[in-house]
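Containing PDB, C-alpha atoms: target18.pdb.
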ATOM      1  CA  MET A  25      28.148  -3.140  13.031
ATOM      2  CA  LYS A  26      27.818  -0.970   9.919
ATOM      3  CA  SER A  27      24.098  -1.794   9.600
ATOM      4  CA  LYS A  28      23.533  -1.008  13.269
ATOM      5  CA  LEU A  29      25.248   2.367  12.856
ATOM      6  CA  ILE A  30      23.085   3.107   9.818
ATOM      7  CA  TYR A  31      20.026   2.150  11.850
ATOM      8  CA  TRP A  32      20.813   4.603  14.648
ATOM      9  CA  LEU A  33      21.708   7.385  12.210
ATOM     10  CA  VAL A  34      18.526   6.843  10.207
ATOM     11  CA  TYR A  35      16.401   6.498  13.331
ATOM     12  CA  GLY A  36      17.909   9.648  14.871
ATOM     13  CA  GLY A  37      17.357  11.661  11.705
ATOM     14  CA  MET A  38      13.810  10.381  11.282
ATOM     15  CA  TRP A  39      12.978  11.055  14.926
ATOM     16  CA  LEU A  40      14.234  14.637  14.691
ATOM     17  CA  PHE A  41      12.231  15.248  11.512
ATOM     18  CA  SER A  42       9.115  13.707  13.019
ATOM     19  CA  ALA A  43       9.309  16.069  16.005
ATOM     20  CA  LEU A  44       8.794  19.081  13.734
ATOM     21  CA  PRO A  45       5.254  20.526  13.505
ATOM     22  CA  PHE A  46       3.308  19.843  10.325
ATOM     23  CA  ARG A  47       3.565  23.443   9.101
ATOM     24  CA  VAL A  48       7.380  23.184   9.145
ATOM     25  CA  LEU A  49       7.339  19.745   7.532
ATOM     26  CA  TYR A  50       5.265  21.119   4.655
ATOM     27  CA  VAL A  51       7.764  23.924   4.044
ATOM     28  CA  LEU A  52      10.460  21.238   3.823
ATOM     29  CA  SER A  53       8.181  19.166   1.602
ATOM     30  CA  ASP A  54       7.776  22.044  -0.856
ATOM     31  CA  PHE A  55      11.559  22.337  -1.096
ATOM     32  CA  ASN A  56      11.944  18.549  -1.384
ATOM     33  CA  TYR A  57       9.434  18.555  -4.271
ATOM     34  CA  LEU A  58      11.590  21.020  -6.210
ATOM     35  CA  LEU A  59      14.670  18.853  -5.703
ATOM     36  CA  MET A  60      12.948  15.562  -6.411
ATOM     37  CA  TYR A  61      11.089  16.707  -9.513
ATOM     38  CA  HIS A  62      13.319  19.331 -11.127
ATOM     39  CA  VAL A  63      16.832  18.399  -9.928
ATOM     40  CA  TRP A  64      16.990  14.658  -9.205
ATOM     41  CA  ARG A  65      14.127  13.872 -11.613
ATOM     42  CA  TYR A  66      13.260  10.902  -9.404
ATOM     43  CA  ARG A  67      11.749   8.129 -11.561
ATOM     44  CA  ARG A  68      10.363  10.681 -13.990
ATOM     45  CA  LYS A  69      10.578   8.186 -16.860
ATOM     46  CA  VAL A  70       8.641   5.508 -14.945
ATOM     47  CA  VAL A  71       5.940   7.951 -13.831
ATOM     48  CA  ARG A  72       5.535   9.429 -17.309
ATOM     49  CA  GLU A  73       5.291   6.025 -18.990
ATOM     50  CA  ASN A  74       2.744   4.795 -16.443
ATOM     51  CA  LEU A  75       0.570   7.877 -16.950
ATOM     52  CA  GLU A  76       0.783   7.642 -20.746
ATOM     53  CA  LYS A  77      -0.317   3.993 -20.689
ATOM     54  CA  SER A  78      -3.105   4.615 -18.168
ATOM     55  CA  PHE A  79      -4.536   7.831 -19.634
ATOM     56  CA  PRO A  80      -4.041   7.717 -23.419
ATOM     57  CA  GLU A  81      -7.254   9.753 -23.800
ATOM     58  CA  LYS A  82      -5.781  12.726 -21.904
ATOM     59  CA  THR A  83      -3.678  15.422 -23.492
ATOM     60  CA  GLU A  84       0.025  15.740 -22.721
ATOM     61  CA  ALA A  85      -0.737  18.910 -20.728
ATOM     62  CA  GLU A  86      -3.342  17.095 -18.623
ATOM     63  CA  ARG A  87      -0.956  14.234 -17.874
ATOM     64  CA  LEU A  88       1.788  16.720 -16.984
ATOM     65  CA  GLN A  89      -0.572  18.362 -14.496
ATOM     66  CA  ILE A  90      -1.226  14.967 -12.858
ATOM     67  CA  GLU A  91       2.520  14.242 -12.844
ATOM     68  CA  ARG A  92       3.419  17.444 -11.003
ATOM     69  CA  LYS A  93       0.590  17.014  -8.517
ATOM     70  CA  PHE A  94       1.756  13.440  -7.904
ATOM     71  CA  TYR A  95       5.291  14.580  -7.041
ATOM     72  CA  ARG A  96       3.914  17.155  -4.600
ATOM     73  CA  TYR A  97       1.841  14.397  -3.001
ATOM     74  CA  LEU A  98       4.832  12.025  -2.929
ATOM     75  CA  SER A  99       6.973  14.597  -1.148
ATOM     76  CA  ASP A 100       4.228  15.196   1.427
ATOM     77  CA  TYR A 101       3.676  11.449   1.842
ATOM     78  CA  MET A 102       7.342  10.798   2.633
ATOM     79  CA  LEU A 103       7.380  13.342   5.460
ATOM     80  CA  GLU A 104       3.877  12.481   6.703
ATOM     81  CA  ASP A 105       5.041   8.875   6.971
ATOM     82  CA  LEU A 106       8.007   9.965   9.115
ATOM     83  CA  LYS A 107       5.607  11.871  11.351
ATOM     84  CA  LEU A 108       4.232   8.524  12.546
ATOM     85  CA  LEU A 109       7.278   8.251  14.833
ATOM     86  CA  HIS A 110       6.002  11.202  16.861
ATOM     87  CA  MET A 111       2.251  11.434  16.305
ATOM     88  CA  SER A 112      -0.070  10.638  19.177
ATOM     89  CA  ALA A 113      -3.016   8.281  18.700
ATOM     90  CA  GLU A 114      -5.358  11.260  19.189
ATOM     91  CA  ASP A 115      -3.647  13.315  16.498
ATOM     92  CA  LEU A 116      -3.667  10.381  14.077
ATOM     93  CA  CYS A 117      -7.389   9.791  14.667
ATOM     94  CA  GLN A 118      -8.096  13.456  13.929
ATOM     95  CA  ARG A 119      -6.189  13.281  10.647
ATOM     96  CA  MET A 120      -7.373   9.839   9.477
ATOM     97  CA  ILE A 121     -11.162   9.592   9.689
ATOM     98  CA  TYR A 122     -12.800   6.152   9.424
ATOM     99  CA  LYS A 123     -16.197   5.627   7.790
ATOM    100  CA  ASN A 124     -18.594   2.657   7.670
ATOM    101  CA  THR A 125     -17.081   1.223  10.849
ATOM    102  CA  GLU A 126     -20.438  -0.236  11.991
ATOM    103  CA  GLN A 127     -20.484  -2.928   9.285
ATOM    104  CA  TYR A 128     -16.733  -3.412   9.637
ATOM    105  CA  LEU A 129     -17.092  -4.175  13.367
ATOM    106  CA  GLU A 130     -20.278  -6.230  12.964
ATOM    107  CA  LEU A 131     -18.720  -8.641  10.464
ATOM    108  CA  THR A 132     -15.457  -8.867  12.430
ATOM    109  CA  GLU A 133     -17.522 -10.059  15.391
ATOM    110  CA  LYS A 134     -19.720 -12.377  13.296
ATOM    111  CA  TYR A 135     -16.931 -14.181  11.399
ATOM    112  CA  GLY A 136     -13.987 -13.711  13.759
ATOM    113  CA  GLY A 137     -12.170 -11.594  11.216
ATOM    114  CA  ILE A 138     -12.264  -9.654   7.968
ATOM    115  CA  ILE A 139      -9.840  -8.942   5.130
ATOM    116  CA  VAL A 140      -9.193  -5.319   4.110
ATOM    117  CA  MET A 141      -7.603  -4.912   0.678
ATOM    118  CA  ILE A 142      -5.576  -1.693   0.638
ATOM    119  CA  PRO A 143      -4.073   0.249  -2.291
ATOM    120  CA  HIS A 144      -0.919   2.383  -2.355
ATOM    121  CA  TYR A 145      -3.062   5.488  -2.315
ATOM    122  CA  ALA A 146      -3.113   8.774  -0.362
ATOM    123  CA  ASN A 147      -2.082   8.323   3.304
ATOM    124  CA  TYR A 148      -2.369   4.524   3.293
ATOM    125  CA  GLU A 149       0.425   4.148   5.895
ATOM    126  CA  TRP A 150      -1.739   6.042   8.401
ATOM    127  CA  LEU A 151      -4.070   3.042   8.468
ATOM    128  CA  ILE A 152      -1.804   1.603  11.173
ATOM    129  CA  GLY A 153      -4.080   3.499  13.564
ATOM    130  CA  MET A 154      -7.200   1.525  12.587
ATOM    131  CA  GLY A 155      -7.011  -0.360  15.879
ATOM    132  CA  SER A 156      -8.560   2.769  17.414
ATOM    133  CA  VAL A 157     -11.934   1.918  15.820
ATOM    134  CA  MET A 158     -11.796  -1.770  16.791
ATOM    135  CA  LYS A 159     -13.140  -3.435  19.919
ATOM    136  CA  PRO A 160     -10.671  -3.954  22.802
ATOM    137  CA  GLY A 161      -8.922  -7.282  22.392
ATOM    138  CA  ASP A 162      -9.429  -7.468  18.624
ATOM    139  CA  VAL A 163      -6.186  -7.602  16.631
ATOM    140  CA  PRO A 164      -5.281  -5.221  13.756
ATOM    141  CA  VAL A 165      -3.019  -7.399  11.596
ATOM    142  CA  GLN A 166      -0.534  -5.785   9.226
ATOM    143  CA  VAL A 167       1.113  -8.003   6.616
ATOM    144  CA  TYR A 168       4.469  -6.639   5.448
ATOM    145  CA  LYS A 169       7.374  -7.586   3.198
ATOM    146  CA  PRO A 170      10.556  -7.787   5.342
ATOM    147  CA  LEU A 171      13.473  -5.561   4.336
ATOM    148  CA  LYS A 172      16.849  -7.167   3.701
ATOM    149  CA  ASP A 173      18.576  -5.020   6.336
ATOM    150  CA  LYS A 174      17.464  -6.393   9.708
ATOM    151  CA  TYR A 175      17.979  -3.079  11.542
ATOM    152  CA  LEU A 176      15.944  -1.024   9.095
ATOM    153  CA  ASN A 177      13.379  -3.813   9.083
ATOM    154  CA  GLU A 178      13.067  -3.497  12.874
ATOM    155  CA  LEU A 179      12.760   0.274  12.553
ATOM    156  CA  PHE A 180       9.760   0.050  10.237
ATOM    157  CA  LYS A 181       8.212  -2.712  12.351
ATOM    158  CA  GLN A 182       8.505  -0.386  15.335
ATOM    159  CA  ILE A 183       6.753   2.432  13.466
ATOM    160  CA  ARG A 184       3.947   0.141  12.290
ATOM    161  CA  SER A 185       3.354  -1.318  15.760
ATOM    162  CA  ARG A 186       3.185   2.023  17.611
ATOM    163  CA  PHE A 187      -0.603   1.984  17.628
ATOM    164  CA  GLY A 188      -1.142  -1.658  18.534
ATOM    165  CA  GLY A 189      -0.627  -3.262  15.127
ATOM    166  CA  TYR A 190       0.318  -6.938  14.948
ATOM    167  CA  ASN A 191       3.038  -7.284  12.284
ATOM    168  CA  ILE A 192       3.181 -10.471  10.208
ATOM    169  CA  PRO A 193       5.909 -11.067   7.605
ATOM    170  CA  LYS A 194       4.476 -11.914   4.200
ATOM    171  CA  HIS A 195       5.800 -15.489   4.151
ATOM    172  CA  SER A 196       4.132 -16.319   7.518
ATOM    173  CA  THR A 197       0.696 -14.843   6.828
ATOM    174  CA  ALA A 198      -1.431 -18.013   6.773
ATOM    175  CA  ARG A 199       0.348 -19.623   9.743
ATOM    176  CA  GLU A 200       0.049 -16.537  11.969
ATOM    177  CA  ILE A 201      -3.607 -15.923  11.088
ATOM    178  CA  ILE A 202      -4.499 -19.544  11.902
ATOM    179  CA  LYS A 203      -2.596 -19.182  15.192
ATOM    180  CA  LEU A 204      -4.595 -16.068  16.151
ATOM    181  CA  LYS A 205      -7.824 -17.839  15.207
ATOM    182  CA  ARG A 206      -6.995 -20.809  17.438
ATOM    183  CA  GLU A 207      -6.310 -18.390  20.272
ATOM    184  CA  GLY A 208      -9.858 -17.094  19.862
ATOM    185  CA  LYS A 209      -8.798 -13.651  18.628
ATOM    186  CA  ASN A 210     -10.952 -11.557  16.320
ATOM    187  CA  MET A 211      -8.852  -9.788  13.704
ATOM    188  CA  VAL A 212      -8.781  -7.301  10.861
ATOM    189  CA  VAL A 213      -6.171  -8.325   8.294
ATOM    190  CA  GLY A 214      -4.869  -5.444   6.186
ATOM    191  CA  LEU A 215      -3.136  -6.398   2.932
ATOM    192  CA  ILE A 216      -1.672  -3.985   0.380
ATOM    193  CA  THR A 217      -2.676  -5.655  -2.865
ATOM    194  CA  ASP A 218      -1.678  -3.473  -5.807
ATOM    195  CA  GLN A 219       2.106  -3.904  -6.075
ATOM    196  CA  TRP A 220       3.833  -5.994  -8.731
ATOM    197  CA  PRO A 221       3.554  -9.651  -7.592
ATOM    198  CA  SER A 222       6.836 -11.506  -7.239
ATOM    199  CA  GLY A 223       5.191 -14.923  -6.807
ATOM    200  CA  ASP A 224       1.710 -16.185  -7.637
ATOM    201  CA  ARG A 225      -0.222 -13.694  -9.715
ATOM    202  CA  TYR A 226      -3.635 -13.163 -11.205
ATOM    203  CA  TRP A 227      -4.035 -11.321 -14.517
ATOM    204  CA  THR A 228      -6.873  -8.917 -15.214
ATOM    205  CA  THR A 229      -7.553  -5.672 -17.091
ATOM    206  CA  PHE A 230      -6.716  -2.590 -15.029
ATOM    207  CA  MET A 231      -6.394   0.997 -16.238
ATOM    208  CA  GLY A 232      -6.903  -0.323 -19.772
ATOM    209  CA  GLN A 233      -3.911  -2.661 -19.516
ATOM    210  CA  GLU A 234      -3.269  -6.334 -18.892
ATOM    211  CA  THR A 235      -2.105  -6.254 -15.268
ATOM    212  CA  ALA A 236      -0.851  -8.816 -12.755
ATOM    213  CA  PHE A 237      -2.136  -8.657  -9.176
ATOM    214  CA  LEU A 238      -1.247 -10.418  -5.961
ATOM    215  CA  ASN A 239      -3.888 -13.024  -5.121
ATOM    216  CA  GLY A 240      -2.848 -13.641  -1.511
ATOM    217  CA  ALA A 241      -5.718 -11.650  -0.005
ATOM    218  CA  GLU A 242      -8.256 -13.649  -1.993
ATOM    219  CA  ARG A 243      -6.680 -16.981  -1.004
ATOM    220  CA  ILE A 244      -6.625 -16.068   2.706
ATOM    221  CA  ALA A 245     -10.219 -14.809   2.593
ATOM    222  CA  LYS A 246     -11.374 -18.128   1.147
ATOM    223  CA  MET A 247      -9.235 -20.188   3.526
ATOM    224  CA  MET A 248     -10.599 -18.392   6.618
ATOM    225  CA  ASN A 249     -14.040 -17.527   5.163
ATOM    226  CA  PHE A 250     -13.483 -13.885   6.129
ATOM    227  CA  PRO A 251     -15.596 -11.145   4.481
ATOM    228  CA  VAL A 252     -13.576  -8.860   2.205
ATOM    229  CA  PHE A 253     -13.590  -5.058   2.263
ATOM    230  CA  TYR A 254     -12.020  -2.526  -0.069
ATOM    231  CA  CYS A 255     -10.394   0.427   1.676
ATOM    232  CA  GLU A 256     -11.508   3.548  -0.195
ATOM    233  CA  LEU A 257      -9.063   6.335   0.650
ATOM    234  CA  THR A 258      -9.809  10.008   0.048
ATOM    235  CA  LYS A 259      -7.289  12.787   0.639
ATOM    236  CA  THR A 260      -9.535  15.598   1.870
ATOM    237  CA  ARG A 261      -6.785  18.204   2.273
ATOM    238  CA  ARG A 262      -3.103  18.421   3.084
ATOM    239  CA  GLY A 263      -2.436  16.215   6.101
ATOM    240  CA  TYR A 264      -5.985  14.806   6.303
ATOM    241  CA  CYS A 265      -7.483  11.640   4.890
ATOM    242  CA  GLU A 266     -10.657   9.533   5.060
ATOM    243  CA  ALA A 267     -10.884   5.737   4.930
ATOM    244  CA  GLU A 268     -14.177   4.115   4.009
ATOM    245  CA  PHE A 269     -14.515   0.342   4.266
ATOM    246  CA  LYS A 270     -16.632  -0.915   1.362
ATOM    247  CA  LEU A 271     -17.865  -4.510   1.573
ATOM    248  CA  MET A 272     -17.031  -6.461  -1.596
ATOM    249  CA  THR A 273     -18.218  -9.882  -0.457
ATOM    250  CA  GLU A 274     -19.443 -11.463   2.762
ATOM    251  CA  ALA A 275     -19.127 -14.972   1.305
ATOM    252  CA  PRO A 276     -15.677 -15.340  -0.308
ATOM    253  CA  LYS A 277     -16.008 -19.125  -0.707
ATOM    254  CA  GLU A 278     -18.964 -18.567  -3.024
ATOM    255  CA  THR A 279     -16.916 -16.486  -5.468
ATOM    256  CA  VAL A 280     -15.125 -17.926  -8.498
ATOM    257  CA  GLU A 281     -11.342 -17.813  -8.762
ATOM    258  CA  GLY A 282     -10.119 -14.272  -9.360
ATOM    259  CA  GLU A 283     -13.484 -12.636  -8.711
ATOM    260  CA  ILE A 284     -12.402 -10.891  -5.497
ATOM    261  CA  THR A 285      -9.165  -9.660  -7.095
ATOM    262  CA  ASP A 286     -11.194  -8.399 -10.066
ATOM    263  CA  MET A 287     -13.469  -6.491  -7.673
ATOM    264  CA  PHE A 288     -10.451  -4.916  -5.995
ATOM    265  CA  ALA A 289      -8.965  -3.900  -9.357
ATOM    266  CA  HIS A 290     -12.292  -2.346 -10.390
ATOM    267  CA  GLU A 291     -12.651  -0.393  -7.124
ATOM    268  CA  LEU A 292      -9.057   0.831  -7.287
ATOM    269  CA  GLU A 293      -9.463   2.000 -10.866
ATOM    270  CA  GLN A 294     -12.513   4.041  -9.847
ATOM    271  CA  THR A 295     -10.494   5.570  -6.989
ATOM    272  CA  ILE A 296      -7.611   6.477  -9.302
ATOM    273  CA  ARG A 297      -9.807   7.939 -12.039
ATOM    274  CA  ARG A 298     -11.571  10.105  -9.460
ATOM    275  CA  GLU A 299      -8.265  11.667  -8.326
ATOM    276  CA  PRO A 300      -5.255  10.156 -10.140
ATOM    277  CA  ALA A 301      -2.431  12.111  -8.491
ATOM    278  CA  TYR A 302      -2.550  10.202  -5.184
ATOM    279  CA  TRP A 303      -1.593   6.717  -6.421
ATOM    280  CA  LEU A 304       2.077   5.663  -6.384
ATOM    281  CA  TRP A 305       2.883   6.106 -10.068
ATOM    282  CA  SER A 306       6.605   5.786  -9.297
ATOM    283  CA  HIS A 307       6.180   2.018  -8.829
ATOM    284  CA  LYS A 308       7.184  -0.127 -11.802
ATOM    285  CA  ARG A 309       3.649  -1.459 -11.901
ATOM    286  CA  TRP A 310       3.741  -2.884 -15.429
ATOM    287  CA  LYS A 311       7.180  -4.520 -15.477
ATOM    288  CA  PHE A 312       6.221  -7.284 -17.884
ATOM    289  CA  THR A 313       3.307  -8.319 -20.054
ATOM    290  CA  LYS A 314       1.506 -11.599 -19.469
ATOM    291  CA  LYS A 315       3.211 -13.064 -22.539
ATOM    292  CA  GLU A 316       6.669 -12.044 -21.261
ATOM    293  CA  CYS A 317       5.953 -13.610 -17.853
ATOM    294  CA  GLU A 318       4.789 -16.849 -19.459
ATOM    295  CA  GLN A 319       7.953 -16.938 -21.582
ATOM    296  CA  LYS A 320      10.152 -16.420 -18.490
ATOM    297  CA  GLU A 321       8.298 -19.150 -16.597
ATOM    298  CA  GLN A 322       8.731 -21.513 -19.541
ATOM    299  CA  GLU A 323      12.469 -20.759 -19.737
ATOM    300  CA  GLU A 324      12.884 -21.375 -15.994
ATOM    301  CA  LEU A 325      11.004 -24.667 -16.309
ATOM    302  CA  ILE A 326      13.322 -25.787 -19.127
ATOM    303  CA  LYS A 327      16.401 -24.820 -17.060
ATOM    304  CA  ARG A 328      15.157 -26.875 -14.095
ATOM    305  CA  LYS A 329      14.557 -29.890 -16.339
ATOM    306  CA  ASP A 330      18.057 -29.540 -17.848
ATOM    307  CA  LYS A 331      19.636 -29.550 -14.374
ATOM    308  CA  ARG A 332      17.976 -32.884 -13.636
TER
END
Rewrite the coordinates I just gave you, this time as structure tokens.
Amino acid sequence: MKSKLIYWLVYGGMWLFSALPFRVLYVLSDFNYLLMYHVWRYRRKVVRENLEKSFPEKTEAERLQIERKFYRYLSDYMLEDLKLLHMSAEDLCQRMIYKNTEQYLELTEKYGGIIVMIPHYANYEWLIGMGSVMKPGDVPVQVYKPLKDKYLNELFKQIRSRFGGYNIPKHSTAREIIKLKREGKNMVVGLITDQWPSGDRYWTTFMGQETAFLNGAERIAKMMNFPVFYCELTKTRRGYCEAEFKLMTEAPKETVEGEITDMFAHELEQTIRREPAYWLWSHKRWKFTKKECEQKEQEELIKRKDKR
């Protein structure tokens, strides 16, 4: 009952906010930035540490400039995300422009599906409207991590399905994709691939650091033999973004293990270095080193053996 009440309160508040015009939302965003950065100091330590590790060649003043610009972006992003509750498909298509759709559509038709590897960058949540550039009947698949609260989980599923998206919980990805394939559906599978991996992980060098990545997108691409695209996002101005689909490989089964994930990490690093403020630096992206993870895995293995 308590969760349901929270759901309706949150939904009502979000709906009211989303009904406001963008110019009003940005006034609120400017005020929210001041609170978040100067008063609450939201994850300032995490952001600062991430920037120091990623840009040791920059001066403290240069990193501080990126930090402040990031918090302005983050405040905008939070309210722009809420706006999805009220935005029309036409408005979303005007604000999120898609490039290189010819190759994207051609390979979707040829192979029955493609994988799009997406970073937490710029207006990435607005990609839920990518069904607008697909052929009628093709399925835009969105893989998501379910929230613990079932009511809030349903709320975000509702937002993400407003423009025809097919939501698949992370743990059911392979099963649902195979099901769509058997039904003869062509699909575009969007996977956010740059968060800290809780399960299987692949280690590579990223932003000058040993970094763990999710390898689920690579495994699914090889299983289904779907071509793999990188989604290059560019924030052109406040409230406007471009998405360009860059082909990384048309033949995933011919790549060696980790090659596709390496390509994604390389592309993302180029995106970040071009304009660093629009990546989610507030994530605890480098929680542990590879050595620390291996030690934890070894300890867990010993504990399991002891229980036997």
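Considering the residues A:Leu109, A:Lys209, A:Pro80, A:Met247 and counting only C-alpha atoms, Ala43 of chain A has its shortest atom-to-atom contact with A:Leu109.
For Ala113 of chain A, the list of residues within 7 Å, based on all atoms listed in the file and with local chain neighbours fewer than 3 positions off taken out, reads Leu116, Cys117 and Phe187 of chain A.
The coordinates place atom CA of Glu91 of chain A at 9.5 Å from atom CA of Tyr61 of chain A.
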Segment 228-236 of chain A environment, 9 Å, all atoms listed in the file, sequence neighbours closer than 5 positions dropped, as a PyMOL selection string
chain A and resi 77-79+218-221+282+285-286+289-290+292-293+296-297+309-310+312-314
Which of A:His307, A:Lys107, A:Lys194, A:Arg243 sits closest to Glu283 of chain A [using all atoms listed in the file]
A:Arg243
Pick the closest to Val70 of chain A from A:Cys317, A:Trp305, A:Pro160, A:Lys172: which is it, counting all atoms listed in the file?
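Result for the nearest residue to Val70 of chain A: A:Trp305.
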Which residue out of A:Thr260, A:Asn74, A:Thr217, A:Thr295 has the minimum interatomic distance to Ile139 of chain A when all atoms listed in the file are used?
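Nearest to Ile139 of chain A: A:Thr217.
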Evaluated on this file, the PyMOL selection byres ((chain A and resi 192) around 8) picks out some residues - which ones are they, written as a tab-separated table (two decimals) with C-alpha atoms, in the coordinates of the input?
chain	number	residue	atom	x	y	z
A	165	VAL	CA	-3.02	-7.40	11.60
A	166	GLN	CA	-0.53	-5.78	9.23
A	167	VAL	CA	1.11	-8.00	6.62
A	168	TYR	CA	4.47	-6.64	5.45
A	190	TYR	CA	0.32	-6.94	14.95
A	191	ASN	CA	3.04	-7.28	12.28
A	193	PRO	CA	5.91	-11.07	7.60
A	194	LYS	CA	4.48	-11.91	4.20
A	196	SER	CA	4.13	-16.32	7.52
A	197	THR	CA	0.70	-14.84	6.83
A	200	GLU	CA	0.05	-16.54	11.97
Enclose the full set of atoms of segment 203-215 of chain A listed in the file within a box whose edges lie along x, y and z, apply 5 Å of padding to each of the six sides, and report centre and edge lengths in Å to one decimal as AutoDock Vina command-line options.
--center_x -6.8 --center_y -13.1 --center_z 11.6 --size_x 18.4 --size_y 25.4 --size_z 27.3
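Shortest separation to Ile284 of chain A among A:Lys246, A:Arg328, A:His110, A:Lys134 occurs at residue A:Lys246, atoms counted being all atoms listed in the file.
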